[in-house]
>>> print(open('protein-v4.txt').read())   # compact mmCIF, C-alpha atoms
# COMPACT_ATOMS: atom_id res chain seq x y z
CA MET A 27 0.00 0.00 0.00
CA ALA A 28 2.80 2.37 0.89
CA LEU A 29 4.29 1.71 -2.50
CA LEU A 30 0.97 2.35 -4.23
CA SER A 31 0.37 5.69 -2.62
CA ARG A 32 3.80 6.84 -3.70
CA GLN A 33 3.40 5.43 -7.17
CA PRO A 34 3.04 8.76 -9.00
CA TRP A 35 6.21 10.05 -7.42
CA LEU A 36 7.99 6.73 -7.87
CA VAL A 37 7.12 6.62 -11.56
CA ALA A 38 7.80 10.31 -12.18
CA THR A 39 11.21 10.33 -10.54
CA GLY A 40 12.08 6.89 -11.84
CA LEU A 41 11.46 8.06 -15.41
CA LEU A 42 13.91 10.87 -14.80
CA VAL A 43 16.74 8.32 -14.68
CA PRO A 44 16.61 7.19 -18.35
CA LEU A 45 15.94 10.79 -19.37
CA LEU A 46 19.04 11.98 -17.53
CA THR A 47 21.03 9.07 -18.95
CA LEU A 48 20.06 10.15 -22.47
CA ALA A 49 20.47 13.88 -21.89
CA SER A 50 23.51 13.76 -19.63
CA PRO A 51 25.11 17.19 -20.07
CA GLY A 52 28.66 17.28 -21.41
CA TRP A 53 29.99 19.37 -18.53
CA LEU A 54 28.84 16.76 -16.01
CA LYS A 55 31.11 14.08 -17.42
CA LEU A 56 34.50 12.89 -16.35
CA ASP A 57 36.64 11.62 -19.23
CA ALA A 58 33.43 11.54 -21.34
CA VAL A 59 31.87 9.13 -18.81
CA PRO A 60 28.55 10.23 -17.26
CA PRO A 61 27.64 9.54 -13.61
CA ALA A 62 25.54 6.46 -12.80
CA TRP A 63 22.16 8.16 -12.51
CA SER A 64 20.54 4.84 -11.68
CA VAL A 65 22.67 4.52 -8.53
CA LEU A 66 21.94 8.11 -7.51
CA TRP A 67 18.21 7.40 -7.70
CA LEU A 68 18.15 3.87 -6.32
CA LEU A 69 20.24 4.54 -3.21
CA PRO A 70 17.84 6.89 -1.36
CA TRP A 71 14.77 4.97 -2.52
CA ALA A 72 16.08 1.64 -1.27
CA LEU A 73 17.34 3.12 1.99
CA SER A 74 13.96 4.61 2.77
CA GLU A 75 11.70 1.80 1.50
CA GLY A 76 13.39 -1.45 2.44
CA ARG A 77 14.80 -4.40 0.56
CA LEU A 78 11.73 -5.60 -1.34
CA ALA A 79 10.86 -2.18 -2.73
CA GLY A 80 14.55 -1.57 -3.39
CA ALA A 81 15.01 -4.80 -5.32
CA ALA A 82 11.79 -4.21 -7.28
CA ALA A 83 12.87 -0.68 -8.20
CA GLY A 84 16.31 -2.00 -9.18
CA LEU A 85 14.72 -4.58 -11.45
CA GLY A 86 12.41 -2.04 -13.09
CA LEU A 87 15.16 0.51 -13.54
CA GLY A 88 17.51 -2.09 -14.99
CA LEU A 89 14.90 -3.17 -17.53
CA LEU A 90 14.25 0.47 -18.52
CA LEU A 91 17.93 1.27 -18.97
CA ASP A 92 18.71 -1.97 -20.82
CA GLY A 93 16.27 -0.84 -23.48
CA LEU A 94 18.50 2.12 -24.26
CA HIS A 95 21.58 0.07 -25.09
CA PRO A 96 22.17 -2.46 -27.82
CA GLY A 97 23.72 -5.76 -26.85
CA SER A 98 23.02 -8.53 -24.43
CA VAL A 99 24.76 -7.18 -21.34
CA SER A 100 22.29 -6.14 -18.66
CA LEU A 101 22.22 -3.74 -15.73
CA VAL A 102 19.49 -5.78 -14.02
CA PRO A 103 21.64 -8.11 -11.86
CA GLY A 104 23.74 -5.26 -10.50
CA LEU A 105 20.84 -2.94 -9.73
CA LEU A 106 18.74 -5.77 -8.26
CA LEU A 107 21.50 -6.70 -5.83
CA LEU A 108 22.19 -3.08 -4.93
CA GLY A 109 18.49 -2.40 -4.26
CA TRP A 110 18.27 -5.44 -2.00
CA TRP A 111 21.49 -4.63 -0.17
CA TRP A 112 20.69 -0.96 0.43
CA GLY A 113 17.14 -1.88 1.43
CA ARG A 114 18.50 -4.15 4.14
CA MET A 115 20.78 -1.36 5.30
CA GLY A 116 17.85 1.01 5.69
CA ARG A 117 17.26 -0.39 9.17
CA GLN A 118 20.36 1.31 10.47
CA ALA A 119 18.98 4.59 9.21
CA PRO A 120 20.55 7.10 11.63
CA LEU A 121 23.98 5.77 10.86
CA ILE A 122 23.56 6.02 7.14
CA GLN A 123 21.88 9.38 6.76
CA ARG A 124 25.16 11.22 7.00
CA SER A 125 26.34 12.60 3.70
CA PHE A 126 29.70 10.93 3.99
CA SER A 127 28.15 7.48 4.30
CA LEU A 128 25.88 8.22 1.33
CA GLY A 129 28.91 9.08 -0.77
CA LEU A 130 30.68 5.95 0.35
CA LEU A 131 27.67 3.74 -0.39
CA ALA A 132 27.30 5.29 -3.85
CA LEU A 133 31.02 4.72 -4.47
CA VAL A 134 30.86 1.05 -3.56
CA GLY A 135 27.54 0.63 -5.41
CA THR A 136 28.79 2.17 -8.67
CA ALA A 137 31.95 0.11 -8.53
CA LEU A 138 29.89 -3.06 -8.01
CA LEU A 139 27.52 -2.15 -10.85
CA ASN A 140 30.46 -1.63 -13.22
CA VAL A 141 32.13 -4.84 -12.06
CA SER A 142 28.88 -6.73 -12.73
CA LEU A 143 28.94 -5.40 -16.33
CA MET A 144 32.61 -6.32 -16.74
CA LEU A 145 31.99 -9.83 -15.47
CA GLN A 146 29.18 -10.29 -17.96
CA TRP A 147 31.38 -9.13 -20.82
CA LEU A 148 34.16 -11.41 -19.71
CA PHE A 149 31.80 -14.35 -19.56
CA LEU A 150 30.36 -13.59 -23.02
CA SER A 151 33.83 -13.17 -24.47
CA TRP A 152 35.07 -16.41 -22.91
CA ARG A 153 32.04 -18.36 -24.08
CA GLY A 154 32.18 -16.89 -27.61
CA VAL A 155 35.87 -17.59 -28.06
CA ALA A 156 35.53 -21.10 -26.65
CA SER A 157 32.64 -22.03 -28.96
CA LEU A 158 34.36 -20.53 -31.98
CA GLN A 159 37.61 -22.29 -31.29
CA GLY A 160 35.69 -25.51 -30.86
CA SER A 161 34.02 -25.15 -34.24
CA VAL A 162 37.27 -24.16 -35.95
CA ALA A 163 39.03 -27.17 -34.46
CA ALA A 164 36.20 -29.40 -35.64
CA LEU A 165 36.46 -27.94 -39.15
CA ALA A 166 40.23 -28.27 -39.26
CA GLY A 167 40.00 -31.88 -38.15
CA GLY A 168 43.38 -31.66 -36.47
CA ALA A 169 45.10 -30.26 -39.56
CA GLU A 170 48.05 -28.25 -38.32
CA ALA A 171 48.14 -26.10 -41.45
CA LEU A 172 44.81 -24.48 -40.60
CA HIS A 173 45.98 -23.67 -37.11
CA GLN A 174 49.05 -21.95 -38.49
CA ALA A 175 47.18 -20.03 -41.20
CA GLY A 176 47.33 -16.72 -39.35
CA PRO A 177 44.58 -14.77 -37.64
CA GLN A 178 41.12 -16.25 -37.82
CA PRO A 179 38.84 -13.58 -39.30
CA ALA A 180 35.86 -15.02 -37.44
CA LEU A 181 37.63 -14.56 -34.13
CA LEU A 182 38.60 -10.98 -34.97
CA ALA A 183 35.09 -10.21 -36.15
CA MET A 184 33.41 -11.16 -32.88
CA PRO A 185 31.93 -7.95 -31.50
CA LEU A 186 33.11 -8.23 -27.92
CA TRP A 187 35.19 -6.50 -25.29
CA ARG A 188 38.49 -8.33 -25.32
CA TRP A 189 40.27 -8.94 -22.04
CA GLU A 190 43.09 -6.50 -22.80
CA ASP A 191 40.66 -3.71 -23.72
CA LEU A 192 38.56 -4.40 -20.68
CA SER A 193 41.53 -4.32 -18.34
CA LEU A 194 42.65 -0.93 -19.71
CA VAL A 195 39.64 1.02 -20.91
CA GLY A 196 37.11 -0.76 -18.69
CA VAL A 197 38.98 0.07 -15.51
CA GLN A 198 39.27 3.66 -16.67
CA ILE A 199 35.50 3.89 -17.22
CA LEU A 200 34.87 2.22 -13.86
CA LEU A 201 37.10 4.66 -12.00
CA ALA A 202 35.69 7.74 -13.74
CA GLN A 203 32.07 6.76 -13.14
CA THR A 204 32.68 5.69 -9.54
CA LEU A 205 34.44 8.94 -8.64
CA LEU A 206 31.85 11.15 -10.31
CA THR A 207 28.88 9.33 -8.78
CA ALA A 208 30.41 9.35 -5.32
CA LEU A 209 31.00 13.10 -5.59
CA LEU A 210 27.39 13.79 -6.59
CA ALA A 211 25.79 11.34 -4.16
CA PRO A 212 26.05 13.31 -0.87
CA MET A 213 24.29 16.25 -2.51
CA LEU A 214 21.61 14.53 -4.54
CA CYS A 215 20.92 11.45 -2.39
CA SER A 216 20.43 13.28 0.91
CA LEU A 217 17.83 15.57 -0.71
CA GLN A 218 15.99 12.59 -2.16
CA LEU A 219 16.19 10.74 1.14
CA ILE A 220 14.50 13.67 2.90
CA PHE A 221 11.88 13.77 0.14
CA TRP A 222 11.03 10.06 0.39
CA ARG A 223 10.88 10.29 4.17
CA GLN A 224 8.47 13.24 3.97
CA VAL A 225 6.21 11.53 1.45
CA GLY A 226 6.27 8.40 3.63
CA ALA A 227 5.49 10.34 6.80
CA GLY A 228 2.58 12.11 5.11
CA TRP A 229 1.06 8.83 4.04
CA ARG A 230 1.53 7.22 7.45
CA GLY A 231 0.01 10.25 9.14
CA LEU A 232 -3.11 10.07 6.96
CA SER A 233 -3.58 6.35 7.44
CA ALA A 234 -3.20 6.55 11.20
CA MET B 21 95.71 83.81 -84.62
CA ALA B 22 94.41 80.64 -85.98
CA PRO B 23 92.20 78.62 -83.67
CA VAL B 24 93.85 75.60 -82.18
CA ARG B 25 91.97 72.42 -83.12
CA LEU B 26 92.36 69.60 -80.77
CA PRO B 27 92.73 66.48 -82.85
CA ARG B 28 91.46 64.18 -80.05
CA VAL B 29 88.16 66.03 -79.75
CA GLY B 30 87.65 65.65 -83.48
CA VAL B 31 87.88 61.88 -83.11
CA LEU B 32 85.29 61.82 -80.33
CA LEU B 33 82.78 64.03 -82.15
CA PRO B 34 80.88 61.27 -84.03
CA LEU B 35 80.67 59.37 -80.77
CA LEU B 36 79.17 62.41 -79.09
CA ARG B 37 76.61 62.66 -81.83
CA VAL B 38 75.40 59.04 -81.43
CA TRP B 39 75.48 58.78 -77.59
CA PRO B 40 71.65 58.63 -77.28
CA TRP B 41 71.70 55.59 -79.53
CA LEU B 42 74.41 54.05 -77.44
CA LEU B 43 72.20 54.44 -74.42
CA VAL B 44 69.34 52.77 -76.26
CA LEU B 45 71.65 49.90 -77.18
CA LEU B 46 72.76 49.59 -73.60
CA ALA B 47 69.14 49.49 -72.47
CA LEU B 48 68.37 46.80 -75.01
CA VAL B 49 71.30 44.74 -73.82
CA ALA B 50 70.07 45.16 -70.24
CA VAL B 51 66.64 43.98 -71.28
CA ARG B 52 68.15 41.00 -73.01
CA LEU B 53 70.38 40.09 -70.11
CA SER B 54 67.53 40.42 -67.56
CA LYS B 55 65.27 38.19 -69.65
CA GLY B 56 62.90 40.97 -70.50
CA ALA B 57 62.46 42.31 -66.99
CA LEU B 58 61.91 45.95 -67.85
CA LEU B 59 59.81 45.12 -70.86
CA SER B 60 57.31 42.91 -69.19
CA ASP B 61 57.19 45.17 -66.11
CA ALA B 62 56.39 48.09 -68.36
CA TYR B 63 53.77 46.05 -70.15
CA GLY B 64 52.25 45.02 -66.83
CA LEU B 65 52.10 48.62 -65.68
CA VAL B 66 50.51 49.85 -68.86
CA SER B 67 48.01 47.02 -69.20
CA ARG B 68 46.96 46.93 -65.53
CA PRO B 69 43.57 48.59 -66.13
CA PHE B 70 42.71 45.82 -68.56
CA TRP B 71 43.68 42.87 -66.36
CA PRO B 72 40.99 40.19 -65.76
CA GLY B 73 39.09 41.17 -62.60
CA SER B 74 37.83 39.04 -59.72
CA ALA B 75 34.52 38.51 -61.45
CA GLN B 76 36.24 36.73 -64.25
CA GLN B 77 38.11 34.53 -61.76
CA GLU B 78 34.81 33.55 -60.21
CA TRP B 79 33.36 32.65 -63.57
CA ILE B 80 36.30 30.49 -64.29
CA SER B 81 36.29 28.73 -60.91
CA ALA B 82 32.52 28.23 -61.18
CA ALA B 83 33.04 26.70 -64.58
CA GLN B 84 35.82 24.57 -63.12
CA ARG B 85 33.51 23.37 -60.31
CA LEU B 86 30.77 22.64 -62.78
CA GLY B 87 33.18 20.67 -64.91
CA ASP B 88 34.48 18.78 -61.86
CA ARG B 89 30.98 17.95 -60.69
CA ALA B 90 29.94 16.71 -64.10
CA ARG B 91 33.10 14.63 -64.27
CA LEU B 92 32.46 13.23 -60.77
CA GLU B 93 28.91 12.31 -61.68
CA GLN B 94 30.11 10.72 -64.87
CA LEU B 95 32.75 8.72 -62.97
CA GLU B 96 30.23 7.64 -60.33
CA ARG B 97 27.85 6.51 -63.03
CA GLU B 98 30.63 4.62 -64.72
CA ASN B 99 31.69 3.14 -61.37
CA ARG B 100 28.12 2.02 -60.63
CA ARG B 101 27.85 0.42 -64.03
CA LEU B 102 31.13 -1.43 -63.62
CA ARG B 103 30.25 -2.54 -60.07
CA GLY B 104 26.92 -3.70 -61.42
CA LEU B 105 28.72 -5.79 -64.01
CA LEU B 106 30.81 -7.35 -61.24
CA ASP B 107 27.77 -7.85 -58.96
CA LEU B 108 29.38 -5.79 -56.16
CA PRO B 109 27.32 -3.78 -53.68
CA THR B 110 27.02 -0.08 -54.50
CA VAL B 111 26.23 3.12 -52.67
CA GLN B 112 22.93 4.16 -54.04
CA GLY B 113 19.58 5.16 -52.75
CA ARG B 114 18.59 8.12 -50.65
CA ARG B 115 20.39 9.93 -47.91
CA LEU B 116 18.27 10.94 -44.94
CA GLN B 117 19.22 13.89 -42.75
CA ALA B 118 18.79 13.15 -39.05
CA ALA B 119 19.42 15.23 -35.93
CA VAL B 120 21.53 13.84 -33.10
CA ILE B 121 19.31 14.03 -30.02
CA SER B 122 21.51 12.22 -27.50
CA ARG B 123 25.21 11.58 -27.48
CA GLU B 124 27.21 9.05 -25.48
CA PRO B 125 30.74 9.09 -26.90
CA GLY B 126 32.31 7.61 -23.76
CA GLY B 127 31.44 4.96 -21.23
CA TRP B 128 30.37 1.34 -21.64
CA TRP B 129 28.16 1.96 -24.66
CA GLN B 130 29.32 4.46 -27.26
CA GLN B 131 26.30 5.51 -29.20
CA LEU B 132 24.22 8.30 -30.68
CA LEU B 133 20.45 8.64 -30.66
CA LEU B 134 18.99 10.04 -33.89
CA GLY B 135 15.67 11.78 -34.33
CA LYS B 136 14.58 9.60 -37.27
CA GLY B 137 13.30 6.05 -36.96
CA SER B 138 11.66 3.17 -38.75
CA LEU B 139 8.70 5.34 -39.78
CA GLN B 140 11.09 7.37 -41.93
CA GLY B 141 12.63 4.23 -43.35
CA VAL B 142 15.72 3.84 -41.14
CA GLY B 143 16.61 0.18 -40.68
CA VAL B 144 19.06 -1.78 -38.54
CA GLY B 145 22.48 -1.87 -40.19
CA ASN B 146 22.14 1.37 -42.17
CA ALA B 147 25.42 3.26 -42.40
CA ILE B 148 25.61 6.68 -40.72
CA VAL B 149 27.76 9.33 -42.34
CA ALA B 150 28.83 12.66 -40.85
CA PRO B 151 30.99 15.41 -42.37
CA GLY B 152 34.33 13.59 -42.71
CA GLY B 153 33.09 10.06 -43.25
CA LEU B 154 31.48 7.02 -41.67
CA ILE B 155 30.77 7.23 -37.91
CA GLY B 156 28.76 4.09 -37.23
CA LEU B 157 25.91 1.74 -38.04
CA VAL B 158 22.32 1.73 -36.83
CA ALA B 159 22.05 -0.81 -34.01
CA SER B 160 18.33 -0.57 -33.26
CA THR B 161 15.34 1.51 -34.25
CA THR B 162 12.09 2.66 -32.72
CA PRO B 163 9.29 4.28 -34.75
CA THR B 164 10.77 7.78 -34.41
CA THR B 165 14.33 7.30 -33.15
CA SER B 166 17.29 5.11 -33.93
CA THR B 167 20.38 4.14 -31.95
CA VAL B 168 23.73 4.32 -33.71
CA ARG B 169 26.61 2.18 -32.54
CA LEU B 170 29.72 4.31 -33.04
CA LEU B 171 32.85 2.87 -34.66
CA SER B 172 34.66 3.33 -31.32
CA ASP B 173 32.19 1.05 -29.46
CA PRO B 174 33.72 -2.31 -28.50
CA GLY B 175 30.80 -4.03 -30.22
CA SER B 176 31.58 -2.42 -33.57
CA ARG B 177 33.36 -4.39 -36.31
CA VAL B 178 33.58 -2.95 -39.83
CA GLY B 179 35.51 -4.29 -42.80
CA VAL B 180 37.89 -1.66 -44.17
CA TRP B 181 40.82 -1.38 -46.53
CA VAL B 182 43.82 0.87 -46.90
CA GLY B 183 43.10 3.13 -49.86
CA ARG B 184 46.68 3.16 -51.13
CA SER B 185 47.70 -0.49 -50.91
CA ARG B 186 44.25 -2.17 -50.78
CA GLN B 187 45.12 -4.25 -47.71
CA GLN B 188 42.01 -5.57 -46.01
CA GLY B 189 41.43 -5.32 -42.29
CA LEU B 190 38.81 -5.18 -39.58
CA LEU B 191 38.17 -1.91 -37.78
CA SER B 192 37.36 -2.87 -34.19
CA GLY B 193 36.21 -0.47 -31.51
CA ILE B 194 38.09 -0.88 -28.24
CA GLY B 195 36.26 1.66 -26.09
CA THR B 196 38.62 4.56 -26.70
CA ALA B 197 38.14 7.39 -29.18
CA ARG B 198 40.51 5.69 -31.62
CA PRO B 199 39.50 2.24 -32.90
CA LEU B 200 41.98 -0.48 -33.76
CA LEU B 201 42.53 -1.72 -37.30
CA ARG B 202 43.40 -5.42 -37.25
CA PHE B 203 44.94 -6.55 -40.51
CA LEU B 204 44.10 -9.90 -42.00
CA GLU B 205 47.62 -10.42 -43.31
CA LYS B 206 50.89 -10.96 -41.53
CA ASP B 207 52.77 -8.34 -43.50
CA PRO B 208 50.45 -5.50 -44.55
CA ASP B 209 51.68 -2.65 -46.70
CA ALA B 210 50.45 0.22 -44.54
CA ARG B 211 52.06 3.19 -42.87
CA PRO B 212 50.97 6.12 -40.71
CA GLY B 213 49.05 8.64 -42.77
CA ASP B 214 47.31 6.10 -44.98
CA VAL B 215 43.61 6.79 -45.42
CA ILE B 216 41.15 4.03 -44.52
CA PHE B 217 37.96 3.39 -46.49
CA THR B 218 35.15 0.90 -46.01
CA SER B 219 35.98 -2.29 -47.83
CA PRO B 220 34.25 -3.13 -51.11
CA ALA B 221 34.34 -6.75 -49.95
CA SER B 222 32.13 -6.00 -46.96
CA THR B 223 28.45 -6.76 -47.21
CA LEU B 224 27.59 -4.73 -44.10
CA VAL B 225 28.64 -1.26 -45.22
CA PRO B 226 28.55 0.60 -48.54
CA PRO B 227 31.99 0.51 -50.21
CA ASN B 228 34.64 3.22 -50.20
CA LEU B 229 33.26 5.59 -47.58
CA PRO B 230 36.15 7.43 -45.91
CA VAL B 231 36.67 6.29 -42.30
CA GLY B 232 39.92 7.68 -40.92
CA VAL B 233 43.66 7.89 -41.05
CA ILE B 234 46.21 5.41 -39.68
CA GLN B 235 48.05 7.03 -36.81
CA ARG B 236 50.34 4.37 -35.42
CA ILE B 237 51.17 0.79 -36.39
CA HIS B 238 52.06 -2.04 -34.04
CA ALA B 239 53.84 -4.30 -36.47
CA ASP B 240 54.65 -7.00 -33.93
CA ALA B 241 51.16 -7.48 -32.53
CA ASP B 242 49.83 -11.02 -32.27
CA PRO B 243 48.37 -12.68 -34.36
CA ALA B 244 48.52 -9.97 -37.05
CA PRO B 245 49.70 -6.35 -37.13
CA GLU B 246 47.40 -3.70 -35.72
CA ALA B 247 47.04 0.02 -36.35
CA LEU B 248 45.46 2.82 -34.36
CA VAL B 249 43.07 4.81 -36.53
CA GLN B 250 42.09 8.42 -36.04
CA LEU B 251 38.50 8.70 -37.24
CA SER B 252 37.90 11.48 -39.71
CA ALA B 253 34.38 12.36 -38.57
CA PRO B 254 34.09 13.89 -35.08
CA ALA B 255 31.35 11.77 -33.53
CA ASP B 256 31.28 13.75 -30.28
CA ALA B 257 30.68 17.07 -32.06
CA VAL B 258 28.24 16.39 -34.91
CA ASP B 259 24.69 17.70 -34.63
CA TRP B 260 23.36 16.37 -37.92
CA VAL B 261 24.20 13.14 -39.68
CA GLN B 262 23.10 11.39 -42.85
CA VAL B 263 21.55 7.94 -42.87
CA LEU B 264 22.41 5.99 -46.03
CA LEU B 265 19.20 4.21 -46.96
CA PRO B 266 19.75 1.08 -49.05
>>> encode(input="protein-v4.txt", output="C-alpha cells")
Amino acid sequence: MALLSRQPWLVATGLLVPLLTLASPGWLKLDAVPPAWSVLWLLPWALSEGRLAGAAAGLGLGLLLDGLHPGSVSLVPGLLLLGWWWGRMGRQAPLIQRSFSLGLLALVGTALLNVSLMLQWLFLSWRGVASLQGSVAALAGGAEALHQAGPQPALLAMPLWRWEDLSLVGVQILLAQTLLTALLAPMLCSLQLIFWRQVGAGWRGLSA
Amino acid sequence: MAPVRLPRVGVLLPLLRVWPWLLVLLALVAVRLSKGALLSDAYGLVSRPFWPGSAQQEWISAAQRLGDRARLEQLERENRRLRGLLDLPTVQGRRLQAAVISREPGGWWQQLLLGKGSLQGVGVGNAIVAPGGLIGLVASTTPTTSTVRLLSDPGSRVGVWVGRSRQQGLLSGIGTARPLLRFLEKDPDARPGDVIFTSPASTLVPPNLPVGVIQRIHADADPAPEALVQLSAPADAVDWVQVLLP
C-alpha cells in the first residue's frame, strides 16, 4: 500500500533516470563518462523503502535502462542486488543518513555495478571464443596447417570486449564513473532521502 | 691667330653625336640580359587597367567546379555500371538527414540517438555518415528514433581497406576514441598517414566511404599487425548526420 500511494512520485522520478542518462550534459562528465544516474536514484529509494521495494525498483530501472543500449549485457543483476542490499541497510537509518556514508555507499555501489557489467562481458567473451575455437578445431580436423594459417577472421570479427581492452579502458570507465557518482551522491541522495521520508510520513500520518 | 683644333676632340665628335643611340643599345642589352624584366614590367604597368578582374576569376572557378561535378557524376555513373557488371554492392539510394538528439561518446556503450526512426525508413544496419566520413551503423530503431553504434564502441566491427595499398582489415572499436585496425595479413603494406575506407568486400557497409587515417602501427602485434586509426568524422561534435538508406 505504501508503495501504491507513492506510485506517481515513484514513476515520475524513476522516469527521470533514463531521461538523464540520455540527456547527460557534457559538462557533467568525467573523461566523457557520465555519472551512474541509476545509482543516484536507487540509493535513497532503497534506503527509505526497504529491501523488497529496493530490489523491485532496481529490477524495473535495470529493464528500462537496458532498453536504451544495444547488446546482451544487462544492468538488471547489479541494480537488483544493490536495491536489496541498500534496502536491508535502511534499518540502520541514523547511521547512514550522514552525507559521507551516502557518498561511500554510492562509491561502492557504482563500482559493483560496473564490475557486474565487466563480469558479464568477460563471460560472453570467454564463451564466444571457446565455442568458436571448438568449431574451428572441428572444421580443421586436427590439420596443423589451418591452425598456423594466421589470424582467424571469425575470431577478430566477434563484436566483444576483449580482455586486454577491458583491463585498460574498462577500468578507466569504472574509476571515472565511480568517482563522479560518489562526488554527486552526498548532494543529490540526501535531498531525495528527505523527500522520500516526507512523502512516507505524510502517508503514514493520513492512514493513522 | 688661328684657332687651335684639338685632334682628339675631333675623333670623339661622331661618338658624341650618337650617344643617345648608345644608351638605347645599352638598355636593349640590359633587357636581353635580364630576360625581359623591364619590358614585361612596363607592359604590366601599362596594361593593368585591362587585367581580368575578380569577377572573371569567379566565372572560371565556377566553370571549373561545374566541370568537376559533371566529371564526378560521370565517374560515379561509370563506377556504378562497372560494379553492377561485377555484382558488387554499390552506394545508391537516398540519404536521410537526421538530428543527433543524444550523445554518449564515452562509457560502456558508445552511441548516438537520432531523431529519425523506422517510420522514416531507417533500418538496422544502415550506415551513418557525418561530415568527414562514416561514424557508425544503426544498431536498433524505434518508430521515431534510432540508436547508432559508433565505430569506437567495442561491439563495432567494420571491414575496411587501406586506400593506397588495398590491404584488407577489420576496424574494431576498443572503447577509446581511436579504434583499432586489425589486418588480415601478416605483412600489410600500410604506414601512418594512410587513409582508410570501407571495404568493397564487406556486405555490411557501402563501399569506399572514408573512415579515418592510420596514426600508429604495431607491427609485432599477435596474431597480425594492428594500427590505431584516427577517425575522420568527429562523432562527439556532430549535430546532424546522414543515414544511407539502401
>>> atom_distance(input="protein-v4.txt", atom1="CA of Pro163 in chain B", atom2="CA of Leu264 in chain B")
17.4 Å
>>> closest_atom_pairs(input="protein-v4.txt", of="range 166-216 of chain B", to="range 89-99 of chain A", cutoff="10 Å", atoms="only C-alpha atoms", output="Markdown table")
| residue | atom | partner | partner_atom | distance |
| --- | --- | --- | --- | --- |
| B:Thr167 | CA | A:Pro96 | CA | 8.0 |
| B:Val168 | CA | A:Pro96 | CA | 9.1 |
| B:Arg169 | CA | A:Pro96 | CA | 8.0 |
| B:Gly175 | CA | A:Gly97 | CA | 8.0 |
>>> residues_near_point(input="protein-v4.txt", point="(30.3, 2.1, -9.6)", cutoff="9 Å", atoms="only C-alpha atoms", output="PyMOL selection string")
chain A and resi 61-62+65+132-141+200-205+207-208
>>> interface_residues(input="protein-v4.txt", of="chain B", to="chain A", cutoff="10 Å", atoms="all atoms listed in the file", output="MDAnalysis selection string")
chainID B and resid 121:133 158:160 167:169 173:179 189:196 202:206 242:245 256
>>> write_last_selection(input="protein-v4.txt", atoms="C-alpha atoms", output="short mmCIF file (atom, residue, chain, number, x, y, z; two decimals), keeping the file's coordinate frame")
data_model
loop_
_atom_site.label_atom_id
_atom_site.label_comp_id
_atom_site.auth_asym_id
_atom_site.auth_seq_id
_atom_site.Cartn_x
_atom_site.Cartn_y
_atom_site.Cartn_z
CA ILE B 121 19.31 14.03 -30.02
CA SER B 122 21.51 12.22 -27.50
CA ARG B 123 25.21 11.58 -27.48
CA GLU B 124 27.21 9.05 -25.48
CA PRO B 125 30.74 9.09 -26.90
CA GLY B 126 32.31 7.61 -23.76
CA GLY B 127 31.44 4.96 -21.23
CA TRP B 128 30.37 1.34 -21.64
CA TRP B 129 28.16 1.96 -24.66
CA GLN B 130 29.32 4.46 -27.26
CA GLN B 131 26.30 5.51 -29.20
CA LEU B 132 24.22 8.30 -30.68
CA LEU B 133 20.45 8.64 -30.66
CA VAL B 158 22.32 1.73 -36.83
CA ALA B 159 22.05 -0.81 -34.01
CA SER B 160 18.33 -0.57 -33.26
CA THR B 167 20.38 4.14 -31.95
CA VAL B 168 23.73 4.32 -33.71
CA ARG B 169 26.61 2.18 -32.54
CA ASP B 173 32.19 1.05 -29.46
CA PRO B 174 33.72 -2.31 -28.50
CA GLY B 175 30.80 -4.03 -30.22
CA SER B 176 31.58 -2.42 -33.57
CA ARG B 177 33.36 -4.39 -36.31
CA VAL B 178 33.58 -2.95 -39.83
CA GLY B 179 35.51 -4.29 -42.80
CA GLY B 189 41.43 -5.32 -42.29
CA LEU B 190 38.81 -5.18 -39.58
CA LEU B 191 38.17 -1.91 -37.78
CA SER B 192 37.36 -2.87 -34.19
CA GLY B 193 36.21 -0.47 -31.51
CA ILE B 194 38.09 -0.88 -28.24
CA GLY B 195 36.26 1.66 -26.09
CA THR B 196 38.62 4.56 -26.70
CA ARG B 202 43.40 -5.42 -37.25
CA PHE B 203 44.94 -6.55 -40.51
CA LEU B 204 44.10 -9.90 -42.00
CA GLU B 205 47.62 -10.42 -43.31
CA LYS B 206 50.89 -10.96 -41.53
CA ASP B 242 49.83 -11.02 -32.27
CA PRO B 243 48.37 -12.68 -34.36
CA ALA B 244 48.52 -9.97 -37.05
CA PRO B 245 49.70 -6.35 -37.13
CA ASP B 256 31.28 13.75 -30.28
#
>>> closest_residue(input="protein-v4.txt", among="A:Val225, A:Leu150, A:Ser157, A:Ile220", to="Trp189 in chain A", atoms="all atoms listed in the file")
A:Leu150
>>> residues_around(input="protein-v4.txt", residues="Gly143 in chain B", least_positions_apart="2", cutoff="8 Å", atoms="all atoms listed in the file", output="PyMOL selection string")
chain B and resi 137-138+141+145-146+158+160-161+265
>>> atom_distance(input="protein-v4.txt", atom1="CA of Leu68 in chain A", atom2="CA of Leu105 in chain A")
8.1 Å
>>> atom_distance(input="protein-v4.txt", atom1="CA of Leu130 in chain A", atom2="CA of Trp147 in chain A")
26.0 Å
>>> residues_around(input="protein-v4.txt", residues="Leu73 in chain A", least_positions_apart="5", cutoff="7 Å", atoms="all atoms listed in the file", output="MDAnalysis selection string")
chainID A and resid 112:113 115:116
>>> write_last_selection(input="protein-v4.txt", atoms="C-alpha atoms", output="PDB file, keeping the file's coordinate frame")
ATOM      1  CA  TRP A 112      20.690  -0.960   0.430  1.00  0.00           C
ATOM      2  CA  GLY A 113      17.140  -1.880   1.430  1.00  0.00           C
ATOM      3  CA  MET A 115      20.780  -1.360   5.300  1.00  0.00           C
ATOM      4  CA  GLY A 116      17.850   1.010   5.690  1.00  0.00           C
TER       5      GLY A 116
END
>>> residues_near_point(input="protein-v4.txt", point="(40.2, 4.6, -38.5)", cutoff="9 Å", atoms="all atoms listed in the file", output="list in words")
Leu171, Val180, Leu191, Arg198, Pro199, Leu200, Leu201, Val215, Ile216, Phe217, Pro230, Val231, Gly232, Val233, Ile234, Gln235, Ala247, Leu248, Val249, Gln250, Leu251 and Ser252 of chain B
>>> closest_residue(input="protein-v4.txt", among="A:Gly129, A:Gly84, A:Pro70, A:Pro103", to="Phe221 in chain A", atoms="only C-alpha atoms")
A:Pro70
>>> closest_residue(input="protein-v4.txt", among="B:Gln84, B:Ser185, B:Ser166, B:Ser74", to="Ala119 in chain B", atoms="only C-alpha atoms")
B:Ser166
>>> closest_residue(input="protein-v4.txt", among="A:Leu128, A:Leu107, A:Val43, A:Leu206", to="Leu219 in chain A", atoms="only C-alpha atoms")
A:Leu128
